[in-house]
file final_33.pdb (PDB, C-alpha atoms and all ligand atoms)
ATOM      1  CA  MET Z   1      41.800  -7.152  16.167
ATOM      2  CA  ARG Z   2      39.233  -4.394  16.247
ATOM      3  CA  LYS Z   3      39.889  -1.367  18.405
ATOM      4  CA  CYS Z   4      37.368   0.795  20.240
ATOM      5  CA  PRO Z   5      36.741   3.985  18.213
ATOM      6  CA  VAL Z   6      36.602   5.974  21.469
ATOM      7  CA  ASP Z   7      39.571   4.796  23.577
ATOM      8  CA  ASP Z   8      41.525   2.284  21.429
ATOM      9  CA  PHE Z   9      40.956  -0.702  23.747
ATOM     10  CA  THR Z  10      40.662  -4.062  21.951
ATOM     11  CA  LEU Z  11      37.025  -4.981  21.392
ATOM     12  CA  LYS Z  12      35.653  -8.213  22.853
ATOM     13  CA  THR Z  13      33.353 -10.462  20.858
ATOM     14  CA  GLU Z  14      30.155 -11.426  22.660
ATOM     15  CA  THR Z  15      26.644 -12.585  21.960
ATOM     16  CA  TYR Z  16      23.703 -10.284  22.517
ATOM     17  CA  GLU Z  17      20.132 -11.422  21.828
ATOM     18  CA  GLY Z  18      21.675 -14.223  19.728
ATOM     19  CA  VAL Z  19      23.699 -11.769  17.651
ATOM     20  CA  THR Z  20      27.508 -11.570  17.732
ATOM     21  CA  ILE Z  21      28.675  -8.065  18.588
ATOM     22  CA  ASP Z  22      31.972  -6.367  19.495
ATOM     23  CA  SER Z  23      31.941  -4.559  22.820
ATOM     24  CA  CYS Z  24      34.554  -2.422  24.561
ATOM     25  CA  PRO Z  25      35.537  -3.647  28.061
ATOM     26  CA  HIS Z  26      36.686  -0.117  28.920
ATOM     27  CA  CYS Z  27      33.856   2.237  27.957
ATOM     28  CA  GLY Z  28      31.011  -0.241  27.407
ATOM     29  CA  GLY Z  29      30.331   0.879  23.855
ATOM     30  CA  ILE Z  30      29.225  -1.589  21.186
ATOM     31  CA  TRP Z  31      30.199  -1.992  17.534
ATOM     32  CA  LEU Z  32      27.553  -3.549  15.296
ATOM     33  CA  ASP Z  33      28.392  -4.728  11.795
ATOM     34  CA  ALA Z  34      25.990  -3.808   9.029
ATOM     35  CA  GLY Z  35      22.689  -5.606   9.549
ATOM     36  CA  GLU Z  36      23.396  -6.613  13.168
ATOM     37  CA  LEU Z  37      21.236  -3.870  14.648
ATOM     38  CA  GLU Z  38      18.292  -5.127  12.599
ATOM     39  CA  ALA Z  39      19.080  -8.674  13.773
ATOM     40  CA  VAL Z  40      18.994  -7.533  17.419
ATOM     41  CA  GLN Z  41      15.742  -5.711  16.753
ATOM     42  CA  ASN Z  42      14.216  -8.859  15.242
ATOM     43  CA  ALA Z  43      15.538 -11.092  18.030
ATOM     44  CA  GLN Z  44      13.994  -8.915  20.736
ATOM     45  CA  ASP Z  45      12.371 -10.956  23.476
ATOM     46  CA  SER Z  46       8.834 -10.085  24.397
ATOM     47  CA  ASP Z  47       9.816  -9.841  28.067
ATOM     48  CA  PHE Z  48      11.295  -6.447  27.322
ATOM     49  CA  ARG Z  49       7.702  -5.222  27.049
ATOM     50  CA  THR Z  50       7.599  -4.305  30.734
ATOM     51  CA  VAL Z  51      10.186  -1.566  30.297
ATOM     52  CA  THR Z  52       8.784   1.896  29.851
ATOM     53  CA  THR Z  53      10.546   5.140  29.117
ATOM     54  CA  SER Z  54      10.387   7.401  32.142
ATOM     55  CA  ALA Z  55      10.560  11.177  32.110
ATOM     56  CA  LEU Z  56      14.050  10.873  33.624
ATOM     57  CA  ASP Z  57      15.178   8.687  30.728
ATOM     58  CA  GLN Z  58      13.949  11.343  28.346
ATOM     59  CA  VAL Z  59      15.988  13.989  30.163
ATOM     60  CA  ARG Z  60      19.088  11.767  30.094
ATOM     61  CA  ALA Z  61      18.602  11.101  26.409
ATOM     62  CA  ALA Z  62      18.425  14.823  25.723
ATOM     63  CA  GLU Z  63      21.613  15.377  27.752
ATOM     64  CA  ASP Z  64      23.411  12.651  25.801
ATOM     65  CA  MET Z  65      22.350  14.245  22.537
ATOM     66  CA  GLY Z  66      23.997  17.452  23.751
ATOM     67  CA  LYS Z  67      27.166  15.613  24.797
ATOM     68  CA  ALA Z  68      27.327  13.772  21.492
ATOM     69  CA  ALA Z  69      27.735  17.087  19.717
ATOM     70  CA  GLN Z  70      30.989  17.699  21.642
ATOM     71  CA  GLU Z  71      32.581  14.279  21.156
ATOM     72  CA  GLY Z  72      35.759  13.931  19.167
ATOM     73  CA  PRO Z  73      35.810  12.181  15.795
ATOM     74  CA  ARG Z  74      35.449   8.381  15.821
ATOM     75  CA  HIS Z  75      36.595   5.998  13.160
ATOM     76  CA  CYS Z  76      35.242   2.811  11.595
ATOM     77  CA  VAL Z  77      36.811  -0.360  13.049
ATOM     78  CA  GLU Z  78      37.109  -1.745   9.505
ATOM     79  CA  CYS Z  79      38.152   1.065   7.169
ATOM     80  CA  GLN Z  80      39.171   3.827   9.643
ATOM     81  CA  THR Z  81      36.925   6.335   7.882
ATOM     82  CA  GLU Z  82      35.472   8.943  10.228
ATOM     83  CA  LEU Z  83      32.035   7.875  11.486
ATOM     84  CA  VAL Z  84      29.052  10.073  10.735
ATOM     85  CA  LYS Z  85      26.731  11.023  13.603
ATOM     86  CA  LYS Z  86      23.027  10.804  13.076
ATOM     87  CA  GLU Z  87      19.866  10.219  15.069
ATOM     88  CA  TYR Z  88      18.888   6.558  14.648
ATOM     89  CA  ALA Z  89      15.348   7.391  13.643
ATOM     90  CA  TYR Z  90      13.050  10.348  13.959
ATOM     91  CA  THR Z  91      12.247  10.879  17.699
ATOM     92  CA  SER Z  92      14.425   7.981  18.902
ATOM     93  CA  GLN Z  93      16.781  10.483  20.613
ATOM     94  CA  VAL Z  94      19.635   8.032  20.142
ATOM     95  CA  MET Z  95      22.693   9.356  18.347
ATOM     96  CA  ILE Z  96      24.625   6.681  16.537
ATOM     97  CA  ASP Z  97      27.994   6.865  14.794
ATOM     98  CA  GLN Z  98      27.755   5.206  11.420
ATOM     99  CA  CYS Z  99      30.411   4.264   8.844
ATOM    100  CA  PRO Z 100      29.685   6.149   5.608
ATOM    101  CA  ASN Z 101      30.962   3.074   3.746
ATOM    102  CA  GLY Z 102      28.304   0.871   5.335
ATOM    103  CA  HIS Z 103      30.528  -1.308   7.570
ATOM    104  CA  GLY Z 104      28.394  -0.788  10.636
ATOM    105  CA  LEU Z 105      27.740   1.540  13.536
ATOM    106  CA  TRP Z 106      28.924   2.417  17.036
ATOM    107  CA  LEU Z 107      26.691   2.679  20.101
ATOM    108  CA  ASP Z 108      27.921   4.265  23.327
ATOM    109  CA  GLN Z 109      27.095   2.602  26.635
ATOM    110  CA  GLY Z 110      23.358   2.868  27.347
ATOM    111  CA  GLU Z 111      22.426   3.628  23.766
ATOM    112  CA  MET Z 112      21.610  -0.004  23.019
ATOM    113  CA  SER Z 113      19.027  -0.225  25.817
ATOM    114  CA  ARG Z 114      17.560   3.099  24.739
ATOM    115  CA  LEU Z 115      17.240   1.808  21.179
ATOM    116  CA  GLU Z 116      15.495  -1.302  22.501
ATOM    117  CA  MET Z 117      13.014   0.873  24.321
ATOM    118  CA  PHE Z 118      12.484   2.785  21.109
ATOM    119  CA  PHE Z 119      11.877  -0.475  19.211
ATOM    120  CA  GLU Z 120       9.318  -1.410  21.858
ATOM    121  CA  THR Z 121       7.474   1.883  21.495
ATOM    122  CA  GLN Z 122       7.424   1.417  17.763
ATOM    123  CA  GLU Z 123       5.983  -2.044  18.211
ATOM    124  CA  ASP Z 124       3.213  -0.756  20.478
ATOM    125  CA  MET Z 125       2.473   1.979  17.991
ATOM    126  CA  SER Z 126       2.163  -0.404  15.067
ATOM    127  CA  LYS Z 127      -0.148  -2.591  17.167
ATOM    128  CA  ILE Z 128      -2.394   0.388  17.868
ATOM    129  CA  LEU Z 129      -2.441   1.200  14.168
ATOM    130  CA  ALA Z 130      -3.213  -2.428  13.285
ATOM    131  CA  ASP Z 131      -6.122  -2.442  15.771
ATOM    132  CA  MET Z 132      -7.387   0.755  14.216
ATOM    133  CA  GLU Z 133      -7.465  -0.795  10.784
ATOM    134  CA  THR Z 134      -9.436  -3.824  11.893
ATOM    135  CA  GLU Z 135     -11.871  -1.644  13.798
ATOM    136  CA  GLY Z 136     -12.157   0.763  10.905
ATOM    137  CA  GLN Z 137     -11.838   3.851  13.088
ATOM    138  CA  GLY Z 138     -10.502   7.245  12.180
ATOM    139  CA  PHE Z 139      -7.604   9.388  13.250
ATOM    140  CA  GLY Z 140      -9.582  10.970  16.078
ATOM    141  CA  ALA Z 141     -10.016   7.588  17.725
ATOM    142  CA  LEU Z 142      -6.281   7.002  17.535
ATOM    143  CA  LEU Z 143      -5.604  10.321  19.257
ATOM    144  CA  SER Z 144      -8.062   9.607  22.035
ATOM    145  CA  ARG Z 145      -6.456   6.214  22.615
ATOM    146  CA  LEU Z 146      -2.994   7.721  22.803
ATOM    147  CA  TRP Z 147      -4.343  10.334  25.208
ATOM    148  CA  LYS Z 148      -5.747   7.592  27.454
ATOM    149  CA  ARG Z 149      -2.401   5.748  27.304
ATOM    150  CA  SER Z 150      -0.415   8.809  28.284
ATOM    151  CA  LYS Z 151      -2.700   9.365  31.294
ATOM    152  CA  GLY Z 152      -1.885   5.825  32.363
TER     153      GLY Z 152
HETATM  154 ZN    ZN Z 201      35.953   1.951  24.522
HETATM  155 ZN    ZN Z 202      34.001   1.456   7.406
END

call {"tool": "encode", "arguments": {"input": "final_33.pdb", "output": "structure tokens", "more": "lines below"}}
Ligand SMILES: [Zn+2]
Ligand SMILES: [Zn+2]
result
Amino acid sequence: MRKCPVDDFTLKTETYEGVTIDSCPHCGGIWLDAGELEAVQNAQDSDFRTVTTSALDQVRAAEDMGKAAQEGPRHCVECQTELVKKEYAYTSQVMIDQCPNGHGLWLDQGEMSRLEMFFETQEDMSKILADMETEGQGFGALLSRLWKRSKG
């Protein structure tokens, strides 16, 4: 039985986006084995496209980053080694706790949906870049498009 790294409750196995994950019934956190986060990312439904990151979400994310710095140590559900905190990717504003031995990572409640939003933004970005290539435009055109997007 795997135990929650935060509160020691027994983790429940469930399916998310077709991927088997371990979630905590007490705090709502999620343990993902190595490679499962990528699987969730790949399994993403296109209906998530409608979700946009609001200014409020950004503020909450920043607050969580601050809180994360004060959390106690958490341990890998497999090898009990202390998890290492790091930002998932540059600008994602999602702090994840990762096993240094590569067993997997821990996401607190809400971090999964924030990561999904981040994946979505990345997808939009790569689409813009792909369009740019086919149209053969320069960096200035990209900036003007982003500017238009941000103005809604
Ligand atoms: Zn928990
Ligand atoms: Zn481990």

call {"tool": "closest_residue", "arguments": {"input": "final_33.pdb", "among": "Z:Asp64, Z:Gln122, Z:Ala34, Z:His26", "to": "Z:Pro100", "atoms": "only C-alpha atoms"}}
result
Z:Ala34

call {"tool": "atom_distance", "arguments": {"input": "final_33.pdb", "atom1": "atom CA of Z:Lys12", "atom2": "atom CA of Z:Cys24"}}
result
6.1 Å

call {"tool": "residues_around", "arguments": {"input": "final_33.pdb", "residues": "Z:Ala61", "least_positions_apart": "6", "cutoff": "10 Å", "atoms": "only C-alpha atoms", "output": "number ranges by chain"}}
result
Z: 55, 67, 92-95, 110-111, 114

call {"tool": "residues_around", "arguments": {"input": "final_33.pdb", "residues": "stretch 27-33 of chain Z", "least_positions_apart": "4", "cutoff": "7 Å", "atoms": "only C-alpha atoms", "output": "PyMOL selection string"}}
result
chain Z and resi 21-23+37+103-109

call {"tool": "atom_distance", "arguments": {"input": "final_33.pdb", "atom1": "atom CA of Z:Cys76", "atom2": "atom CA of Z:Phe9"}}
result
13.9 Å

call {"tool": "closest_residue", "arguments": {"input": "final_33.pdb", "among": "Z:Glu82, Z:Glu36, Z:Glu63, Z:Glu87", "to": "Z:Thr15", "atoms": "only C-alpha atoms"}}
result
Z:Glu36

call {"tool": "closest_atom_pairs", "arguments": {"input": "final_33.pdb", "of": "chain Z", "to": "ligand ZN 202 (chain Z)", "cutoff": "6 Å", "atoms": "all atoms listed in the file", "output": "JSON lines"}}
result
{"residue": "Z:Cys76", "atom": "CA", "partner": "Z:ZN202", "partner_atom": "ZN", "distance": 4.6}
{"residue": "Z:Glu78", "atom": "CA", "partner": "Z:ZN202", "partner_atom": "ZN", "distance": 4.9}
{"residue": "Z:Cys79", "atom": "CA", "partner": "Z:ZN202", "partner_atom": "ZN", "distance": 4.2}
{"residue": "Z:Thr81", "atom": "CA", "partner": "Z:ZN202", "partner_atom": "ZN", "distance": 5.7}
{"residue": "Z:Cys99", "atom": "CA", "partner": "Z:ZN202", "partner_atom": "ZN", "distance": 4.8}
{"residue": "Z:Asn101", "atom": "CA", "partner": "Z:ZN202", "partner_atom": "ZN", "distance": 5.0}
{"residue": "Z:His103", "atom": "CA", "partner": "Z:ZN202", "partner_atom": "ZN", "distance": 4.4}

call {"tool": "resolve_selection", "arguments": {"input": "final_33.pdb", "expression": "the PyMOL selection byres (((chain Z and resi 40) around 10) and not hetatm)", "output": "JSON, numbers by chain"}}
result
{"Z": [16, 17, 18, 19, 20, 21, 32, 35, 36, 37, 38, 39, 41, 42, 43, 44, 45, 112, 116]}

call {"tool": "resolve_selection", "arguments": {"input": "final_33.pdb", "expression": "the PyMOL selection byres (((chain Z and resi 73) around 8) and not hetatm)", "output": "list in words"}}
result
Glu71, Gly72, Arg74, His75, Glu82 and Leu83 of chain Z

call {"tool": "closest_residue", "arguments": {"input": "final_33.pdb", "among": "Z:Met1, Z:Asp7, Z:Met117, Z:Gln70", "to": "ligand ZN 201 (chain Z)", "atoms": "only C-alpha atoms and all ligand atoms"}}
result
Z:Asp7

call {"tool": "decode", "arguments": {"input": "final_33.pdb", "residues": "stretch 24-38 of chain Z", "atoms": "N, CA and C atoms", "output": "PDB file, in the first residue's frame"}}
result
ATOM      1  N   CYS Z  24      -4.844  10.813  -3.149  1.00  0.00           N
ATOM      2  CA  CYS Z  24      -5.103  10.788  -1.710  1.00  0.00           C
ATOM      3  C   CYS Z  24      -6.533  11.252  -1.442  1.00  0.00           C
ATOM      4  N   PRO Z  25      -7.352  10.410  -0.760  1.00  0.00           N
ATOM      5  CA  PRO Z  25      -8.735  10.791  -0.478  1.00  0.00           C
ATOM      6  C   PRO Z  25      -8.811  11.910   0.560  1.00  0.00           C
ATOM      7  N   HIS Z  26      -7.725  12.163   1.264  1.00  0.00           N
ATOM      8  CA  HIS Z  26      -7.728  13.158   2.333  1.00  0.00           C
ATOM      9  C   HIS Z  26      -7.368  14.556   1.834  1.00  0.00           C
ATOM     10  N   CYS Z  27      -6.240  14.674   1.148  1.00  0.00           N
ATOM     11  CA  CYS Z  27      -5.780  16.011   0.739  1.00  0.00           C
ATOM     12  C   CYS Z  27      -5.949  16.274  -0.758  1.00  0.00           C
ATOM     13  N   GLY Z  28      -6.326  15.239  -1.530  1.00  0.00           N
ATOM     14  CA  GLY Z  28      -6.567  15.450  -2.949  1.00  0.00           C
ATOM     15  C   GLY Z  28      -5.315  15.514  -3.807  1.00  0.00           C
ATOM     16  N   GLY Z  29      -4.170  15.214  -3.213  1.00  0.00           N
ATOM     17  CA  GLY Z  29      -2.936  15.187  -3.986  1.00  0.00           C
ATOM     18  C   GLY Z  29      -2.864  13.950  -4.869  1.00  0.00           C
ATOM     19  N   ILE Z  30      -1.959  13.961  -5.823  1.00  0.00           N
ATOM     20  CA  ILE Z  30      -1.844  12.845  -6.773  1.00  0.00           C
ATOM     21  C   ILE Z  30      -0.387  12.409  -6.910  1.00  0.00           C
ATOM     22  N   TRP Z  31      -0.183  11.083  -6.844  1.00  0.00           N
ATOM     23  CA  TRP Z  31       1.154  10.535  -7.126  1.00  0.00           C
ATOM     24  C   TRP Z  31       1.151   9.978  -8.550  1.00  0.00           C
ATOM     25  N   LEU Z  32       2.145  10.373  -9.333  1.00  0.00           N
ATOM     26  CA  LEU Z  32       2.292   9.862 -10.688  1.00  0.00           C
ATOM     27  C   LEU Z  32       3.609   9.113 -10.795  1.00  0.00           C
ATOM     28  N   ASP Z  33       3.539   7.859 -11.249  1.00  0.00           N
ATOM     29  CA  ASP Z  33       4.774   7.108 -11.466  1.00  0.00           C
ATOM     30  C   ASP Z  33       5.514   7.736 -12.643  1.00  0.00           C
ATOM     31  N   ALA Z  34       6.792   7.404 -12.749  1.00  0.00           N
ATOM     32  CA  ALA Z  34       7.594   7.931 -13.840  1.00  0.00           C
ATOM     33  C   ALA Z  34       6.906   7.677 -15.179  1.00  0.00           C
ATOM     34  N   GLY Z  35       6.789   8.696 -15.986  1.00  0.00           N
ATOM     35  CA  GLY Z  35       6.202   8.555 -17.314  1.00  0.00           C
ATOM     36  C   GLY Z  35       4.697   8.792 -17.358  1.00  0.00           C
ATOM     37  N   GLU Z  36       4.026   8.756 -16.181  1.00  0.00           N
ATOM     38  CA  GLU Z  36       2.568   8.914 -16.185  1.00  0.00           C
ATOM     39  C   GLU Z  36       2.133  10.338 -16.498  1.00  0.00           C
ATOM     40  N   LEU Z  37       2.941  11.315 -16.077  1.00  0.00           N
ATOM     41  CA  LEU Z  37       2.592  12.702 -16.369  1.00  0.00           C
ATOM     42  C   LEU Z  37       2.605  12.931 -17.880  1.00  0.00           C
ATOM     43  N   GLU Z  38       3.606  12.371 -18.539  1.00  0.00           N
ATOM     44  CA  GLU Z  38       3.709  12.487 -19.995  1.00  0.00           C
ATOM     45  C   GLU Z  38       2.510  11.807 -20.653  1.00  0.00           C
TER      46      GLU Z  38
END
